[in-house]
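**Q** coords-v3.txt is reproduced below (compact mmCIF, C-alpha atoms and all ligand atoms).
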```txt
# COMPACT_ATOMS: atom_id res chain seq x y z
CA MET A 924 26.35 44.75 4.80
CA ARG A 925 23.70 47.42 4.76
CA LEU A 926 22.16 48.29 1.39
CA GLU A 927 22.53 52.05 1.72
CA GLY A 928 21.43 53.28 -1.67
CA PHE A 929 20.40 52.36 -5.18
CA ARG A 930 20.78 54.05 -8.53
CA LEU A 931 18.86 52.89 -11.58
CA HIS A 932 19.49 53.85 -15.22
CA GLU A 933 17.50 52.91 -18.28
CA VAL A 934 19.93 52.85 -21.18
CA GLU A 935 19.67 52.49 -24.93
CA MET A 936 22.63 50.88 -26.63
CA PRO A 937 23.05 50.84 -30.44
CA LEU A 938 23.82 47.26 -31.49
CA ALA A 939 26.86 46.82 -33.72
CA PHE A 940 24.43 45.09 -36.09
CA PRO A 941 20.73 44.18 -35.92
CA PHE A 942 19.76 40.92 -34.22
CA GLU A 943 16.66 39.16 -35.58
CA THR A 944 14.83 36.21 -34.05
CA SER A 945 11.53 34.46 -34.79
CA PHE A 946 9.82 37.20 -32.76
CA GLY A 947 11.43 40.36 -34.02
CA ARG A 948 14.41 42.49 -34.94
CA GLU A 949 16.47 44.58 -32.52
CA VAL A 950 18.63 47.50 -33.60
CA LEU A 951 18.77 49.47 -30.38
CA ARG A 952 18.93 47.48 -27.18
CA ARG A 953 17.23 48.82 -24.08
CA CYS A 954 18.20 47.57 -20.64
CA LEU A 955 18.47 48.76 -17.05
CA VAL A 956 21.65 49.11 -15.03
CA LEU A 957 21.25 48.99 -11.27
CA SER A 958 23.88 50.08 -8.77
CA VAL A 959 23.80 49.31 -5.05
CA GLU A 960 26.04 51.01 -2.52
CA SER A 961 27.45 50.01 0.86
CA GLY A 962 30.33 51.59 2.77
CA GLY A 963 31.42 53.63 -0.24
CA VAL A 964 31.60 50.54 -2.48
CA GLN A 965 29.28 49.97 -5.43
CA GLY A 966 27.98 46.81 -7.04
CA HIS A 967 26.31 46.68 -10.47
CA GLY A 968 23.71 44.49 -12.07
CA GLU A 969 22.11 44.50 -15.50
CA CYS A 970 18.40 43.91 -16.05
CA VAL A 971 18.05 42.23 -19.45
CA ALA A 972 14.34 42.84 -19.94
CA ALA A 973 13.86 44.31 -23.41
CA ARG A 974 11.80 47.22 -24.69
CA GLU A 975 9.03 44.89 -25.87
CA PRO A 976 7.59 41.76 -24.22
CA LEU A 977 8.71 39.36 -26.97
CA TYR A 978 11.22 36.97 -25.41
CA SER A 979 9.19 37.00 -22.19
CA ALA A 980 6.49 39.09 -20.54
CA GLU A 981 8.90 41.52 -18.86
CA THR A 982 9.98 44.83 -20.38
CA THR A 983 12.32 47.59 -19.28
CA GLY A 984 9.14 49.44 -18.30
CA THR A 985 7.74 46.66 -16.08
CA ALA A 986 11.15 46.14 -14.51
CA TRP A 987 11.50 49.86 -13.78
CA HIS A 988 8.05 49.79 -12.20
CA VAL A 989 8.55 46.81 -9.89
CA LEU A 990 12.07 47.84 -8.96
CA THR A 991 11.22 51.40 -8.03
CA GLU A 992 7.78 50.69 -6.48
CA PHE A 993 8.45 47.43 -4.65
CA PHE A 994 11.83 45.71 -4.71
CA LEU A 995 14.24 48.57 -4.03
CA PRO A 996 12.15 50.29 -1.32
CA ALA A 997 11.85 46.90 0.43
CA LEU A 998 15.62 46.44 0.44
CA LEU A 999 16.73 50.00 1.14
CA GLY A 1000 18.59 50.28 4.44
CA VAL A 1001 18.31 46.53 5.03
CA GLU A 1002 21.21 44.58 6.47
CA VAL A 1003 21.89 41.47 4.36
CA ALA A 1004 24.37 38.76 5.29
CA SER A 1005 24.72 37.27 1.81
CA PRO A 1006 23.34 37.71 -1.73
CA GLU A 1007 21.10 34.63 -1.31
CA GLU A 1008 19.04 36.72 1.08
CA VAL A 1009 17.88 38.96 -1.78
CA PRO A 1010 15.68 36.35 -3.52
CA ARG A 1011 14.29 35.28 -0.14
CA ARG A 1012 13.23 38.84 0.63
CA LEU A 1013 11.69 39.32 -2.82
CA ALA A 1014 10.00 35.91 -2.96
CA GLY A 1015 6.59 37.21 -1.86
CA TRP A 1016 6.21 39.10 -5.13
CA ARG A 1017 5.26 36.89 -8.03
CA GLY A 1018 7.04 36.90 -11.35
CA HIS A 1019 9.43 39.57 -12.65
CA PRO A 1020 12.50 37.30 -12.66
CA MET A 1021 14.65 39.66 -14.71
CA ALA A 1022 14.04 42.57 -12.34
CA LYS A 1023 14.79 40.33 -9.34
CA ALA A 1024 17.91 38.92 -10.99
CA ALA A 1025 19.29 42.43 -11.53
CA VAL A 1026 19.08 43.25 -7.81
CA GLU A 1027 20.68 39.98 -6.84
CA ALA A 1028 23.47 40.45 -9.41
CA ALA A 1029 24.26 43.91 -8.07
CA VAL A 1030 24.46 42.55 -4.52
CA TRP A 1031 26.74 39.65 -5.62
CA ASP A 1032 29.06 42.20 -7.25
CA LEU A 1033 28.99 44.34 -4.11
CA VAL A 1034 29.80 41.37 -1.86
CA GLY A 1035 32.65 40.31 -4.13
CA ARG A 1036 34.13 43.80 -4.04
CA LEU A 1037 33.76 44.09 -0.27
CA ARG A 1038 35.44 40.70 0.26
CA GLY A 1039 38.00 41.05 -2.52
CA ALA A 1040 36.71 37.86 -4.19
CA SER A 1041 35.71 37.35 -7.80
CA LEU A 1042 32.11 36.45 -8.58
CA SER A 1043 33.35 33.24 -10.18
CA ARG A 1044 35.01 32.26 -6.89
CA LEU A 1045 31.96 33.21 -4.82
CA LEU A 1046 29.73 31.07 -7.04
CA GLY A 1047 32.05 28.04 -6.97
CA GLY A 1048 33.51 28.48 -10.45
CA THR A 1049 36.31 26.08 -11.28
CA ARG A 1050 37.56 27.31 -14.66
CA PRO A 1051 39.66 30.39 -15.46
CA GLN A 1052 38.43 30.32 -19.06
CA VAL A 1053 35.23 29.13 -20.70
CA GLU A 1054 34.42 27.84 -24.16
CA VAL A 1055 32.10 30.11 -26.07
CA GLY A 1056 29.82 29.87 -29.08
CA VAL A 1057 28.09 32.52 -31.13
CA SER A 1058 24.36 32.94 -31.70
CA LEU A 1059 23.45 34.28 -35.13
CA GLY A 1060 20.16 35.99 -35.83
CA LEU A 1061 18.01 35.51 -38.90
CA GLU A 1062 19.61 37.10 -41.96
CA PRO A 1063 17.97 38.61 -45.06
CA THR A 1064 19.59 35.96 -47.28
CA LEU A 1065 21.22 32.58 -46.89
CA ASP A 1066 24.43 33.92 -48.43
CA ALA A 1067 24.58 36.62 -45.76
CA LEU A 1068 24.19 34.00 -43.03
CA LEU A 1069 26.85 31.73 -44.55
CA ALA A 1070 29.24 34.68 -44.78
CA ARG A 1071 28.69 35.47 -41.10
CA ILE A 1072 29.28 31.85 -40.10
CA GLU A 1073 32.50 31.84 -42.11
CA ALA A 1074 33.70 34.95 -40.32
CA TYR A 1075 32.83 33.75 -36.80
CA ARG A 1076 34.24 30.31 -37.41
CA GLY A 1077 37.44 32.03 -38.46
CA GLN A 1078 37.48 33.96 -35.20
CA GLY A 1079 37.46 30.67 -33.31
CA TYR A 1080 33.97 30.40 -31.78
CA ARG A 1081 33.46 26.81 -30.62
CA ARG A 1082 29.87 26.42 -31.70
CA ILE A 1083 27.56 28.18 -34.11
CA LYS A 1084 23.90 28.60 -33.19
CA VAL A 1085 21.44 29.86 -35.77
CA LYS A 1086 17.94 31.11 -35.24
CA VAL A 1087 15.25 29.19 -37.11
CA LYS A 1088 11.55 29.64 -37.75
CA PRO A 1089 9.03 28.03 -40.11
CA GLY A 1090 10.25 28.78 -43.63
CA TRP A 1091 13.85 29.36 -42.47
CA ASP A 1092 15.02 26.02 -41.16
CA LEU A 1093 15.74 22.82 -43.10
CA GLU A 1094 17.24 24.46 -46.17
CA VAL A 1095 19.30 26.75 -43.99
CA VAL A 1096 20.76 23.88 -41.97
CA SER A 1097 21.33 21.85 -45.18
CA ALA A 1098 23.17 24.77 -46.75
CA ILE A 1099 25.35 25.23 -43.65
CA ARG A 1100 26.24 21.53 -43.61
CA ALA A 1101 26.92 21.56 -47.37
CA ARG A 1102 29.28 24.50 -46.99
CA PHE A 1103 31.03 23.76 -43.68
CA GLY A 1104 30.70 19.99 -43.31
CA VAL A 1105 29.33 17.78 -40.55
CA ASP A 1106 32.13 18.59 -38.10
CA LEU A 1107 31.06 22.19 -37.47
CA PRO A 1108 29.45 22.20 -34.01
CA LEU A 1109 26.00 23.54 -34.87
CA SER A 1110 22.72 24.10 -33.05
CA VAL A 1111 19.44 25.87 -33.80
CA ASP A 1112 17.14 28.01 -31.65
CA ALA A 1113 13.46 28.47 -32.54
CA ASN A 1114 12.36 30.65 -29.61
CA GLY A 1115 9.11 28.69 -29.52
CA ALA A 1116 8.18 29.22 -33.16
CA TYR A 1117 6.84 25.68 -33.79
CA GLY A 1118 3.94 23.52 -32.65
CA LEU A 1119 3.71 19.79 -32.10
CA GLU A 1120 2.04 19.58 -35.52
CA ASP A 1121 5.48 20.45 -36.97
CA ALA A 1122 7.07 17.28 -35.51
CA ALA A 1123 7.34 15.48 -38.86
CA HIS A 1124 8.87 18.56 -40.45
CA LEU A 1125 11.38 18.97 -37.60
CA GLN A 1126 12.43 15.32 -38.03
CA GLY A 1127 14.07 16.63 -41.19
CA LEU A 1128 16.73 18.16 -38.93
CA ASP A 1129 17.74 14.78 -37.53
CA ARG A 1130 20.01 13.87 -40.41
CA HIS A 1131 22.16 16.97 -39.87
CA GLY A 1132 23.80 15.98 -36.60
CA LEU A 1133 22.84 19.11 -34.68
CA ALA A 1134 24.16 19.47 -31.14
CA MET A 1135 20.61 20.44 -30.13
CA ILE A 1136 17.40 22.22 -31.05
CA GLU A 1137 16.67 24.95 -28.52
CA GLN A 1138 13.13 25.81 -27.45
CA PRO A 1139 11.24 24.46 -30.47
CA LEU A 1140 7.80 24.86 -28.86
CA ALA A 1141 6.10 27.51 -26.76
CA PRO A 1142 7.48 28.25 -23.28
CA ASP A 1143 4.55 26.65 -21.42
CA ASP A 1144 4.49 23.45 -23.51
CA LEU A 1145 6.54 21.07 -21.34
CA VAL A 1146 4.26 18.13 -22.09
CA ASP A 1147 4.40 18.71 -25.84
CA HIS A 1148 8.18 19.05 -25.66
CA ALA A 1149 8.28 15.60 -24.07
CA GLU A 1150 6.17 14.25 -26.94
CA LEU A 1151 8.38 15.98 -29.51
CA ALA A 1152 11.50 14.62 -27.81
CA ARG A 1153 10.18 11.09 -28.33
CA ARG A 1154 9.88 11.79 -32.05
CA LEU A 1155 13.25 13.51 -32.58
CA ALA A 1156 16.78 12.14 -32.52
CA THR A 1157 18.14 15.69 -32.11
CA PRO A 1158 18.45 16.57 -28.41
CA ILE A 1159 16.04 19.24 -27.19
CA CYS A 1160 17.46 22.08 -25.09
CA LEU A 1161 15.04 24.24 -23.14
CA ASP A 1162 15.49 27.97 -22.61
CA GLU A 1163 12.25 29.97 -22.10
CA SER A 1164 10.43 26.97 -20.55
CA ILE A 1165 12.77 26.76 -17.55
CA ARG A 1166 11.76 29.45 -15.06
CA HIS A 1167 13.22 27.84 -11.93
CA ALA A 1168 14.71 24.61 -10.59
CA GLN A 1169 11.22 23.06 -10.23
CA ASP A 1170 10.67 23.47 -13.97
CA ALA A 1171 14.08 21.94 -14.64
CA ARG A 1172 13.29 18.93 -12.47
CA GLN A 1173 9.87 18.43 -14.03
CA ALA A 1174 11.18 18.88 -17.58
CA LEU A 1175 13.87 16.27 -16.99
CA ASN A 1176 11.42 13.87 -15.33
CA LEU A 1177 9.03 14.24 -18.25
CA GLY A 1178 11.79 13.75 -20.80
CA ALA A 1179 11.06 17.18 -22.27
CA CYS A 1180 14.75 18.01 -22.75
CA ARG A 1181 18.26 16.60 -22.53
CA VAL A 1182 20.11 19.91 -22.24
CA ILE A 1183 19.32 23.14 -20.36
CA ASN A 1184 20.30 26.69 -21.24
CA ILE A 1185 20.74 28.57 -17.95
CA LYS A 1186 20.17 32.32 -17.86
CA ALA A 1187 20.28 33.78 -14.37
CA ALA A 1188 18.01 36.59 -15.57
CA ARG A 1189 15.29 34.20 -16.77
CA VAL A 1190 15.22 32.23 -13.51
CA GLY A 1191 15.16 35.16 -11.08
CA GLY A 1192 18.85 35.37 -10.22
CA LEU A 1193 22.15 33.64 -9.67
CA THR A 1194 20.97 31.69 -6.62
CA GLU A 1195 18.26 29.95 -8.65
CA ALA A 1196 20.72 29.48 -11.53
CA LEU A 1197 23.04 27.66 -9.09
CA ARG A 1198 20.16 25.38 -8.03
CA ILE A 1199 19.50 24.42 -11.64
CA HIS A 1200 23.21 23.89 -12.22
CA ASP A 1201 23.47 21.62 -9.18
CA LEU A 1202 20.36 19.65 -10.11
CA CYS A 1203 21.58 19.09 -13.68
CA ARG A 1204 25.07 18.21 -12.54
CA ALA A 1205 23.73 15.61 -10.11
CA ARG A 1206 21.70 14.08 -12.94
CA GLY A 1207 24.47 14.25 -15.53
CA VAL A 1208 22.57 16.76 -17.68
CA PRO A 1209 24.80 19.18 -19.61
CA VAL A 1210 24.12 22.90 -19.27
CA TRP A 1211 25.46 26.05 -20.86
CA CYS A 1212 25.02 29.75 -20.22
CA GLY A 1213 22.56 31.59 -22.43
CA GLY A 1214 22.84 35.24 -23.43
CA MET A 1215 20.49 38.20 -23.75
CA LEU A 1216 22.77 40.52 -25.75
CA GLU A 1217 24.14 41.78 -22.44
CA THR A 1218 26.42 44.76 -22.12
CA GLY A 1219 29.78 44.21 -20.45
CA VAL A 1220 28.04 44.39 -17.05
CA GLY A 1221 25.76 41.41 -17.62
CA ARG A 1222 28.35 39.58 -19.69
CA ALA A 1223 30.87 39.57 -16.81
CA ALA A 1224 28.26 37.89 -14.59
CA ASN A 1225 27.53 35.34 -17.32
CA LEU A 1226 31.23 34.53 -17.63
CA ALA A 1227 31.41 33.90 -13.88
CA LEU A 1228 28.37 31.61 -14.02
CA ALA A 1229 29.74 29.75 -17.04
CA SER A 1230 32.91 28.94 -15.06
CA LEU A 1231 30.99 26.45 -12.90
CA PRO A 1232 31.82 22.77 -13.49
CA GLY A 1233 28.43 21.74 -14.92
CA PHE A 1234 28.69 24.21 -17.81
CA VAL A 1235 30.21 21.63 -20.12
CA LEU A 1236 28.88 22.99 -23.43
CA PRO A 1237 29.95 26.26 -25.11
CA SER A 1238 27.96 29.25 -23.83
CA ASP A 1239 26.30 32.08 -25.81
CA LEU A 1240 29.02 34.57 -24.96
CA SER A 1241 30.50 36.66 -27.73
CA GLU A 1242 33.07 39.41 -27.69
CA SER A 1243 31.92 42.88 -26.67
CA ARG A 1244 32.70 44.28 -30.12
CA ARG A 1245 30.25 41.84 -31.66
CA TYR A 1246 27.42 43.60 -29.84
CA TYR A 1247 28.50 47.16 -29.07
CA ALA A 1248 30.88 49.64 -30.64
CA GLU A 1249 31.12 51.24 -27.22
CA ASP A 1250 30.43 48.91 -24.29
CA LEU A 1251 29.31 49.89 -20.79
CA ALA A 1252 32.13 48.08 -19.00
CA THR A 1253 35.85 47.84 -19.33
CA PRO A 1254 37.90 45.85 -20.15
CA PRO A 1255 35.85 44.45 -23.04
CA ALA A 1256 35.28 40.70 -23.30
CA THR A 1257 37.52 39.26 -26.01
CA LEU A 1258 37.99 35.85 -27.53
CA GLY A 1259 41.25 34.06 -26.76
CA PRO A 1260 42.93 31.08 -28.38
CA GLY A 1261 40.81 27.96 -28.77
CA GLY A 1262 37.50 29.83 -28.70
CA ARG A 1263 37.85 30.54 -25.00
CA MET A 1264 37.07 33.64 -23.02
CA VAL A 1265 38.84 34.58 -19.81
CA VAL A 1266 36.65 34.69 -16.70
CA PRO A 1267 37.29 37.98 -14.87
CA SER A 1268 39.33 37.34 -11.73
CA GLY A 1269 39.15 40.79 -10.09
CA PRO A 1270 36.79 41.48 -7.18
CA GLY A 1271 33.08 41.08 -7.93
CA LEU A 1272 32.26 41.23 -11.63
CA GLY A 1273 35.91 42.04 -12.30
CA VAL A 1274 35.02 44.80 -14.77
CA GLU A 1275 34.48 48.52 -14.22
CA VAL A 1276 31.42 50.45 -15.36
CA ARG A 1277 32.29 53.34 -17.67
CA GLU A 1278 30.29 56.07 -15.98
CA GLU A 1279 30.61 58.46 -18.92
CA VAL A 1280 29.16 55.88 -21.34
CA LEU A 1281 26.41 54.99 -18.86
CA ARG A 1282 25.43 58.64 -18.55
CA ALA A 1283 25.63 59.26 -22.30
CA ARG A 1284 23.36 56.27 -23.05
CA SER A 1285 20.95 56.92 -20.22
CA LEU A 1286 17.31 57.70 -21.10
CA ARG A 1287 16.23 58.17 -17.48
CA SER A 1288 17.67 57.55 -14.05
CA THR A 1289 16.59 57.62 -10.43
CA ARG A 1290 18.08 57.20 -6.97
CA LEU A 1291 16.95 55.80 -3.64
CA PRO A 1292 17.01 57.40 -1.13
O1 LIG B 1301 23.66 37.22 -26.03
O2 LIG B 1301 24.71 36.43 -27.74
C1 LIG B 1301 23.67 36.68 -27.12
C2 LIG B 1301 22.36 36.30 -27.76
C3 LIG B 1301 22.03 34.88 -27.50
O3 LIG B 1301 20.43 34.01 -29.00
C4 LIG B 1301 20.63 34.54 -27.94
N1 LIG B 1301 19.64 34.84 -27.09
O4 LIG B 1301 16.74 32.79 -27.07
O5 LIG B 1301 18.74 32.34 -26.53
C5 LIG B 1301 17.91 33.14 -26.96
C6 LIG B 1301 18.26 34.55 -27.36
C7 LIG B 1301 17.40 35.51 -26.62
C8 LIG B 1301 17.68 36.92 -26.91
S1 LIG B 1301 16.89 37.44 -28.33
C9 LIG B 1301 17.00 39.15 -28.27
MG MG B 1302 17.18 30.68 -26.71
```
Could you show the structure in this file as structure tokens?
**A**
Amino acid sequence: MRLEGFRLHEVEMPLAFPFETSFGREVLRRCLVLSVESGGVQGHGECVAAREPLYSAETTGTAWHVLTEFFLPALLGVEVASPEEVPRRLAGWRGHPMAKAAVEAAVWDLVGRLRGASLSRLLGGTRPQVEVGVSLGLEPTLDALLARIEAYRGQGYRRIKVKVKPGWDLEVVSAIRARFGVDLPLSVDANGAYGLEDAAHLQGLDRHGLAMIEQPLAPDDLVDHAELARRLATPICLDESIRHAQDARQALNLGACRVINIKAARVGGLTEALRIHDLCRARGVPVWCGGMLETGVGRAANLALASLPGFVLPSDLSESRRYYAEDLATPPATLGPGGRMVVPSGPGLGVEVREEVLRARSLRSTRLP
């Protein structure tokens, strides 16, 4: 298919409630939505880079820049046989995985729509539904956090993940265990807020039977993660540290983690996400799909990815209404019985972009040609 045109929107979406991590608080979520057109059919991809470079170095601004200056002009009018060709053509440019992933996602959606195949099927997904967990941000008080956990547990989420940081960790996990018992599937995510000097402190988590501790140390600290792993009974899961399949292989060889959170956006696209999935599956390492507070556009792609056989742990995929009063795509993602979410089965992403919402939330937009 020939990539005949692109349309890019920067949108601002009010979050249903603020989301706070060890690096900051989000109330309005910025992201980019990219559309690619071929033969009158459109594919859509979300770029999850945020307004500020907190989770990673990319921002909506850097993504806009590299997309409009480099990536999209290089692909405009080009004939591509399959979506895997997109990362190959963009490989000469270093970095900017979230911007690259958005282009690839849009092309996967386009290919699915042109062929009448769901993204899940194209990727090799094997499950019509996936188990999902919920990721809870830092809360102003412990009581507020416990109340949220109560509510989400009641809705059926299969695993609760809470954000931690120095000063908001051991007591929080103790209080959750005291209130909900040891059977509640529970994990914590530090977004790199600790150092190896905190190892003895983090050992205090070991008695709580956590499913995992996600990204305790800084993204570029693979060696220190391996050292920490030797000192902790709690399995380490890496998120920010894993930028591609090479990182995954090296992290596993070093013993830096026992679980990997796969985000296609963090690793430069779905093709690289598949490589990590395949590597982990071959080595018997469990993976799950991470989230970046995606709108319905990015969430549909995450659901397709999470339907692959190696995604054996609940993914960070919550219902649309948990994030946005008015989502960008329809139908909204909803939680079914047993804490499962249905993987869209329609062509491509299997959801439709609500053009009127996209336009209403758009801060700027551009087209090529
Ligand atoms: O999409 O439900 C979601 C959020 C999942 O916690 C989540 N994501 O480090 O895993 C992570 C964070 C990154 C986003 S923080 C804005
Ligand atoms: Mg994380």
**Q** Using only C-alpha atoms and all ligand atoms, which protein or nucleic acid residues are at most 6 Å from ligand LIG 1301 (chain B), as a list of chain:residue names?
**A**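 Here is the list of contacting residues: A:Ser1058, A:Asn1114, A:Gly1213, A:Gly1214, A:Met1215, A:Leu1216, A:Glu1217, A:Asp1239, A:Leu1240, A:Ser1241.
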**Q** May I ask for the distance between CA of Pro1254 in chain A and atom MG of ligand MG 1302 (chain B), given in Å to one decimal place?
**A** 26.5 Å
**Q** For ligand MG 1302 (chain B), return the neighbouring residues as a ChimeraX atom specification (distance at most 8 Å; only C-alpha atoms and all ligand atoms).
**A** /A:1112-1114,1137-1138,1161-1163,1184,1213-1214
**Q** When you count all atoms listed in the file, which of these residues is closest to Ala1074 in chain A: A:Val1057, A:Val971, A:Ile1165, A:Met936?
**A**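 Among A:Val1057, A:Val971, A:Ile1165, A:Met936, it is A:Val1057 that comes nearest to Ala1074 in chain A.
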**Q** Contacts between range 1268-1287 of chain A and range 991-1071 of chain A, please, where a residue of range 991-1071 of chain A counts if it comes within 7 Å (with all atoms listed in the file); show its shortest atom pair and distance in Å to one decimal, rows by chain and ascending number, as JSON lines.
**A**
```
{"residue": "A:Trp1031", "atom": "CA", "partner": "A:Gly1271", "partner_atom": "CA", "distance": 6.9}
{"residue": "A:Asp1032", "atom": "CA", "partner": "A:Gly1271", "partner_atom": "CA", "distance": 4.2}
{"residue": "A:Leu1033", "atom": "CA", "partner": "A:Gly1271", "partner_atom": "CA", "distance": 6.5}
{"residue": "A:Val1034", "atom": "CA", "partner": "A:Gly1271", "partner_atom": "CA", "distance": 6.9}
{"residue": "A:Gly1035", "atom": "CA", "partner": "A:Gly1271", "partner_atom": "CA", "distance": 3.9}
{"residue": "A:Arg1036", "atom": "CA", "partner": "A:Pro1270", "partner_atom": "CA", "distance": 4.7}
{"residue": "A:Gly1039", "atom": "CA", "partner": "A:Pro1270", "partner_atom": "CA", "distance": 4.8}
{"residue": "A:Ala1040", "atom": "CA", "partner": "A:Pro1270", "partner_atom": "CA", "distance": 4.7}
{"residue": "A:Ser1041", "atom": "CA", "partner": "A:Pro1270", "partner_atom": "CA", "distance": 4.3}
{"residue": "A:Leu1042", "atom": "CA", "partner": "A:Gly1271", "partner_atom": "CA", "distance": 4.8}
```
**Q** Using all atoms listed in the file and a cutoff of 9 Å, can you tell me which residues are near (5.6, 25.5, -30.1) in the file's coordinates, and write them out as a count of residues only?
**A** 18
